[in-house]
Structure formats: C-alpha cells, structure tokens
Amino acid sequence: MESYLFDWANLLVRWLHVIVAIAWIGSSFYFVFLDSSLTPPEDEQLKRDGVSGELWAVHGGGFYHPVKFAVSPPKLPEHLHWFYWESYSTWLSGFALFLISYLWSPSVYLIDPNVMAWSPAGAIAAALGYLVAFWLLYDAICRTLGQSKNGDAKVGALVLLLVCVAAYAATHMFAGRAAFLIVGAMIATAMSANVFFWIIPGQRTVVADLKAGRPVDPIHGKRGKQRSVHNTYFTLPVLFAMLSNHYSFTYSHPQNWLVLIGMMFAGAAIRQFFVLRHGFKLGRNGHPWPYAAVGSAVLMALIVWLKPAPVQAVVVPDVVGYAQLQPVVEQRCVMCHGEALQSKGIRLDSAEGLKQHAQAVYQQVVVTKIMPLNNATGITEAERAVFAKWFTDGAKID
C-alpha cells in the first residue's frame, strides 16, 4: 500500500509541477519576446505618459496593444497583476517531487557505491547543500559584478564556470541520474530565488513609492530585468536536466559531466538565438543564426560521441523459457520487486508476475537499460540478452 500511495503522490505532484512550470516558462518567454519586440511609441500622449515601447499584436480573434513604461506609469492602476506564484508553485512542487522521488530513498536513487559510497544522511545533506550553495555563489557574483563595466559578460562567464564545476562535482558524488537532476534543481532554485529575493521585492518597492508619491528609483527595474534575463537563459538547460532521467545513455556515460555541460551549453545558445531574433526583425542586431548553429553543432557532436559502441556477440540459448530466466530475475530483480518490496507496485518473484510485466521489463532492462537502477545488482550484458531472447520469443512461462 505504501508503494501504491507513493506512486499516486509521484503522479499528482509531477502533474502539478509540469502544469505550473508551463505557466512560469510560458509567461517568462512571453515577456522576453515582448521586451525584445517593443518599438518606440508613435502616439504623443503615450510619450508624455512615459511609455518607452509598445507592441501591436493579433491573437485569438482580437487585437492587443501592450505598452511598457520606462520606470513607472503616471498613475498606479486599481488592478495590478503580479507574476510570482507561477515561479513559487513550480519550485515548491519540484522540491516536493524531489523529496518523494529521491530524498525519501537516498540509498536507491542518490547513492551509487561505484561513484561514492557514503551514508544516506550525508547524501541528502549534500544534495540540499547544492541548492543553497549555488544560489549563494551565483547571487554573490551578480551583486559584485552585475553593475560593473561589461558586467553581463563577466557574470555570464563566471556563472558558466560555476555550472561546469558543479556538474563535474555532482557526477562524482551522486548516481548519474540524480546528479543531472540535482544540477538542474540547483539552477531552478536560483531562478525562483531571483523572483523571490530580487524581482518581486524591487517591484513592491516601486509600487510603494508610487502610492506614497515618492520618486521611483529606476535601479529596481534594471536589477529585476537583469535577473529575469538570467532566468530565460537558465530555462532550456533546466528542462534538459529534468527530462534526462528518462534517457540513461546521457547520465550513464563515463564522462557524463561533459554530456551534461554540453547539453546545457547547447540549450543556452539556442535560447540566445530566440531572444535575439526579435531584435533582428526590428533591425536592432544582426541575425543570431551563429548561436543556433553553435548550439546545433554541440548537439550533433554529442550525438556522434554518444553513439553505442560495438557490442561483443553474446551467446544466448536458442530457446529461453522461464526456467532459464528465473535465476537471473532472482539475483538481479527480486531485491526491489519481490515479496519484501514491490517498487512501483511491480512484483517479479513469480512466473505470472514476470509475464504480467514482460513489456515493461523488456523496455527497462533491455531497451533503455535503466534497470536495475544504477545497476546496483550488477546485471551483465549476457543476462540482458537472455531477457531480450525470452521476450522476443513470446515471454513464455510454461
């Protein structure tokens, strides 16, 4: 029953996480597009009101005319929409999912003895420490260099270096699957912290000044814009990290830290292409195709590099039935899918149970090679071939 309830919790929290993440990323992408597509207002009244840019758009059968005030509007509207719960809900649901999926069973999901053999408490503390440490270091870089000459370039270079160091360290501390997720979670934490500690407080200060009739300091808008831009470049790397757990060929590679860095770099470069293409259409910058080309080139290089190595021929019996497969299942699978523990509600310690889950077993053991998780039970390629032969011959148990 515990496993069943955990599966429901995992499903519902994951569903919630995806929904609110779509809302957050969608609004972030929209406002980056909007900011990049604004043109100086033509109406004299808008100019006098302090409008710095406007956009005409058509969507869903109607016309829209959003405008942006350089610092603040001449009068605060009665109804003002704030964009922050999208961010907070994404982080809270993501952390809940991280707790359910990884921190609750660290010995299974966080720890790979072949990478680092340490206590569950130590692994949990290190994983949580990653989230906090990255935010503190990233924030310190932004505080000290963000407003200096060529500050954006300096911050970008140091944050890239920080992510590279974090990726290398994580893949040498945690199981590969967990390492990728933790690096993504630490960046996502910084994204939400940008909203919580900088963007929203700055906006609240501006609103308070407007209500009190005080002059508005433009620094709040500049700082918020800077952190918002950082968030948009973080988005695609984080999405890759969150999706990577479904693709074992990425995190199980001997140099998985290079795979993680390469994929994140490609994502950031491609995001730069989409950010700049709006300015290109308005003649503000050159065509950003080099960024897309670099990102695509990195992806192609990774595809070539990660291609499967030739596998030595494995001798498999002409006929594989349950009798030949049972010893392998007992040794490699029953530890997590037997009488004592039915992980994911799957039990394989009987012929009927194995037959019932034959498709899933073939997919996880032979095709994706995700199971056994982190290959904790040491399954061999020859034994995977026995599973493959049994399934392709009809998964017979008689």
# chains A, B, ... in the order shown; residues from 1 in each chain; ligands from 1

$ residues_around --residues "A:Leu299" --least-positions-apart "6" --cutoff "9 Å" --atoms "only C-alpha atoms" --output "PyMOL selection string"
chain A and resi 262-263+266

$ closest_residue --among "A:Phe274, A:Val329, A:Gly283, A:Gln359" --to "A:Gly295" --atoms "only C-alpha atoms"
A:Phe274

$ select_by_dssp --residues "stretch 208-335 of chain A" --states "alpha helix (DSSP H)" --output "ChimeraX atom specification"
/A:208-212,219-243,248-251,256-281,289-305,322-332

$ closest_residue --among "A:Gln226, A:Thr39, A:Thr189, A:Thr205" --to "A:Val67" --atoms "only C-alpha atoms"
A:Thr39

$ closest_residue --among "A:His357, A:Lys344, A:Arg227, A:Lys396" --to "A:Leu11" --atoms "only C-alpha atoms"
A:Lys344

$ residues_around --residues "A:Asn375" --least-positions-apart "5" --cutoff "12 Å" --atoms "only C-alpha atoms" --output "short mmCIF file (atom, residue, chain, number, x, y, z; two decimals) with C-alpha atoms, in the first residue's frame"
data_model
loop_
_atom_site.label_atom_id
_atom_site.label_comp_id
_atom_site.auth_asym_id
_atom_site.auth_seq_id
_atom_site.Cartn_x
_atom_site.Cartn_y
_atom_site.Cartn_z
CA VAL A 108 18.35 3.70 -4.07
CA TYR A 109 18.27 6.97 -6.02
CA ILE A 111 23.86 6.89 -3.91
CA ASP A 112 25.87 4.84 -6.37
CA PRO A 113 28.62 2.96 -4.47
CA ASN A 114 30.68 2.87 -7.66
CA VAL A 115 30.74 6.68 -7.64
CA ALA A 175 24.40 8.47 -9.05
CA GLY A 176 24.39 9.80 -12.61
CA ARG A 177 20.63 10.11 -12.84
CA SER A 248 20.04 6.58 -19.46
CA SER A 252 25.31 6.62 -17.59
CA ARG A 332 19.09 -9.09 -10.24
CA CYS A 333 15.45 -8.03 -9.81
CA GLN A 364 13.55 -1.04 -18.80
CA VAL A 365 16.14 -3.85 -18.81
CA LYS A 369 18.89 -0.24 -19.63
CA ILE A 370 17.59 1.93 -16.80
CA THR A 380 25.64 -8.29 -17.24
CA GLU A 381 25.12 -7.74 -20.96
CA ARG A 384 20.21 -8.57 -20.60
#

$ closest_residue --among "A:Thr171, A:Ser228, A:Ser36, A:Gln363" --to "A:Asn194" --atoms "only C-alpha atoms"
A:Ser228

$ residues_around --residues "A:Ala133" --least-positions-apart "5" --cutoff "12 Å" --atoms "only C-alpha atoms" --output "MDAnalysis selection string"
chainID A and resid 125:128 138:140 162:163 166 183 185:187 189:190

$ closest_residue --among "A:Leu55, A:Ala297, A:Leu181, A:Val315" --to "A:Ala167" --atoms "only C-alpha atoms"
A:Leu181

$ residues_around --residues "A:Val20" --least-positions-apart "4" --cutoff "7 Å" --atoms "only C-alpha atoms" --output "PyMOL selection string"
chain A and resi 16+24+86+89-90

$ closest_residue --among "A:Ser72, A:Phe63, A:Ser37, A:Ala376" --to "A:Asp49" --atoms "only C-alpha atoms"
A:Ser72

$ residues_around --residues "stretch 230-235 of chain A" --least-positions-apart "3" --cutoff "9 Å" --atoms "only C-alpha atoms" --output "JSON, numbers by chain"
{"A": [25, 28, 29, 32, 156, 187, 188, 190, 191, 192, 194, 225, 226, 227, 238, 239, 240, 264, 267, 268, 269, 271, 272, 275]}

$ write_last_selection --atoms "N, CA, C and O atoms" --output "mmCIF file, in the first residue's frame"
data_model
loop_
_atom_site.group_PDB
_atom_site.id
_atom_site.type_symbol
_atom_site.label_atom_id
_atom_site.label_comp_id
_atom_site.auth_asym_id
_atom_site.auth_seq_id
_atom_site.Cartn_x
_atom_site.Cartn_y
_atom_site.Cartn_z
ATOM 1 N N ILE A 25 7.237 29.183 -17.372
ATOM 2 C CA ILE A 25 8.092 29.316 -18.558
ATOM 3 C C ILE A 25 7.354 30.074 -19.655
ATOM 4 O O ILE A 25 7.942 30.910 -20.355
ATOM 5 N N SER A 28 7.407 33.715 -18.823
ATOM 6 C CA SER A 28 8.782 34.213 -18.969
ATOM 7 C C SER A 28 9.137 34.402 -20.438
ATOM 8 O O SER A 28 9.660 35.459 -20.839
ATOM 9 N N PHE A 29 8.832 33.404 -21.256
ATOM 10 C CA PHE A 29 9.127 33.505 -22.687
ATOM 11 C C PHE A 29 8.351 34.654 -23.320
ATOM 12 O O PHE A 29 8.871 35.377 -24.173
ATOM 13 N N VAL A 32 9.928 38.053 -22.351
ATOM 14 C CA VAL A 32 11.198 38.267 -23.053
ATOM 15 C C VAL A 32 10.923 38.635 -24.509
ATOM 16 O O VAL A 32 11.543 39.555 -25.071
ATOM 17 N N GLY A 156 28.127 36.269 -16.881
ATOM 18 C CA GLY A 156 27.866 35.110 -17.717
ATOM 19 C C GLY A 156 29.024 34.122 -17.712
ATOM 20 O O GLY A 156 28.828 32.904 -17.592
ATOM 21 N N ILE A 187 19.925 25.078 -10.386
ATOM 22 C CA ILE A 187 19.705 26.239 -11.266
ATOM 23 C C ILE A 187 18.263 26.715 -11.134
ATOM 24 O O ILE A 187 17.996 27.922 -11.074
ATOM 25 N N ALA A 188 17.325 25.778 -11.071
ATOM 26 C CA ALA A 188 15.919 26.149 -10.914
ATOM 27 C C ALA A 188 15.691 26.872 -9.593
ATOM 28 O O ALA A 188 14.861 27.791 -9.507
ATOM 29 N N ALA A 190 17.889 28.799 -8.110
ATOM 30 C CA ALA A 190 18.378 30.167 -8.331
ATOM 31 C C ALA A 190 17.363 30.992 -9.121
ATOM 32 O O ALA A 190 17.166 32.182 -8.845
ATOM 33 N N MET A 191 16.698 30.368 -10.085
ATOM 34 C CA MET A 191 15.686 31.076 -10.870
ATOM 35 C C MET A 191 14.546 31.564 -9.971
ATOM 36 O O MET A 191 14.132 32.719 -10.042
ATOM 37 N N SER A 192 14.036 30.668 -9.140
ATOM 38 C CA SER A 192 12.932 31.053 -8.264
ATOM 39 C C SER A 192 13.397 32.040 -7.197
ATOM 40 O O SER A 192 12.651 32.954 -6.818
ATOM 41 N N ASN A 194 15.670 34.266 -7.630
ATOM 42 C CA ASN A 194 15.732 35.570 -8.309
ATOM 43 C C ASN A 194 14.395 36.286 -8.217
ATOM 44 O O ASN A 194 14.325 37.498 -7.976
ATOM 45 N N LYS A 225 15.162 43.283 -14.294
ATOM 46 C CA LYS A 225 15.334 42.886 -15.694
ATOM 47 C C LYS A 225 16.560 41.993 -15.846
ATOM 48 O O LYS A 225 16.533 40.983 -16.578
ATOM 49 N N GLN A 226 17.641 42.334 -15.148
ATOM 50 C CA GLN A 226 18.853 41.526 -15.246
ATOM 51 C C GLN A 226 18.604 40.096 -14.783
ATOM 52 O O GLN A 226 18.977 39.124 -15.459
ATOM 53 N N ARG A 227 17.959 39.952 -13.621
ATOM 54 C CA ARG A 227 17.700 38.600 -13.113
ATOM 55 C C ARG A 227 16.690 37.860 -13.988
ATOM 56 O O ARG A 227 16.784 36.638 -14.166
ATOM 57 N N VAL A 238 17.737 23.770 -17.666
ATOM 58 C CA VAL A 238 16.983 23.126 -16.588
ATOM 59 C C VAL A 238 16.019 22.087 -17.153
ATOM 60 O O VAL A 238 15.898 20.977 -16.619
ATOM 61 N N LEU A 239 15.349 22.418 -18.242
ATOM 62 C CA LEU A 239 14.411 21.468 -18.837
ATOM 63 C C LEU A 239 15.121 20.196 -19.280
ATOM 64 O O LEU A 239 14.599 19.084 -19.113
ATOM 65 N N PHE A 240 16.323 20.330 -19.851
ATOM 66 C CA PHE A 240 17.066 19.124 -20.225
ATOM 67 C C PHE A 240 17.369 18.278 -18.993
ATOM 68 O O PHE A 240 17.184 17.057 -19.006
ATOM 69 N N MET A 264 23.592 21.512 -21.655
ATOM 70 C CA MET A 264 23.175 22.792 -21.079
ATOM 71 C C MET A 264 23.701 23.966 -21.893
ATOM 72 O O MET A 264 22.992 24.960 -22.113
ATOM 73 N N GLY A 267 21.600 24.296 -24.971
ATOM 74 C CA GLY A 267 20.311 24.885 -24.658
ATOM 75 C C GLY A 267 20.382 26.396 -24.485
ATOM 76 O O GLY A 267 19.541 27.136 -24.993
ATOM 77 N N ALA A 268 21.424 26.870 -23.780
ATOM 78 C CA ALA A 268 21.573 28.313 -23.569
ATOM 79 C C ALA A 268 21.855 29.028 -24.885
ATOM 80 O O ALA A 268 21.335 30.126 -25.131
ATOM 81 N N ALA A 269 22.677 28.418 -25.754
ATOM 82 C CA ALA A 269 22.996 29.037 -27.046
ATOM 83 C C ALA A 269 21.751 29.133 -27.934
ATOM 84 O O ALA A 269 21.502 30.168 -28.577
ATOM 85 N N ARG A 271 18.692 29.227 -26.873
ATOM 86 C CA ARG A 271 17.802 30.236 -26.276
ATOM 87 C C ARG A 271 18.250 31.640 -26.682
ATOM 88 O O ARG A 271 17.414 32.516 -26.921
ATOM 89 N N GLN A 272 19.561 31.866 -26.756
ATOM 90 C CA GLN A 272 20.067 33.169 -27.195
ATOM 91 C C GLN A 272 19.603 33.497 -28.610
ATOM 92 O O GLN A 272 19.265 34.645 -28.915
ATOM 93 N N VAL A 275 16.038 34.716 -28.349
ATOM 94 C CA VAL A 275 15.949 36.029 -27.723
ATOM 95 C C VAL A 275 16.313 37.127 -28.719
ATOM 96 O O VAL A 275 15.640 38.160 -28.814
#
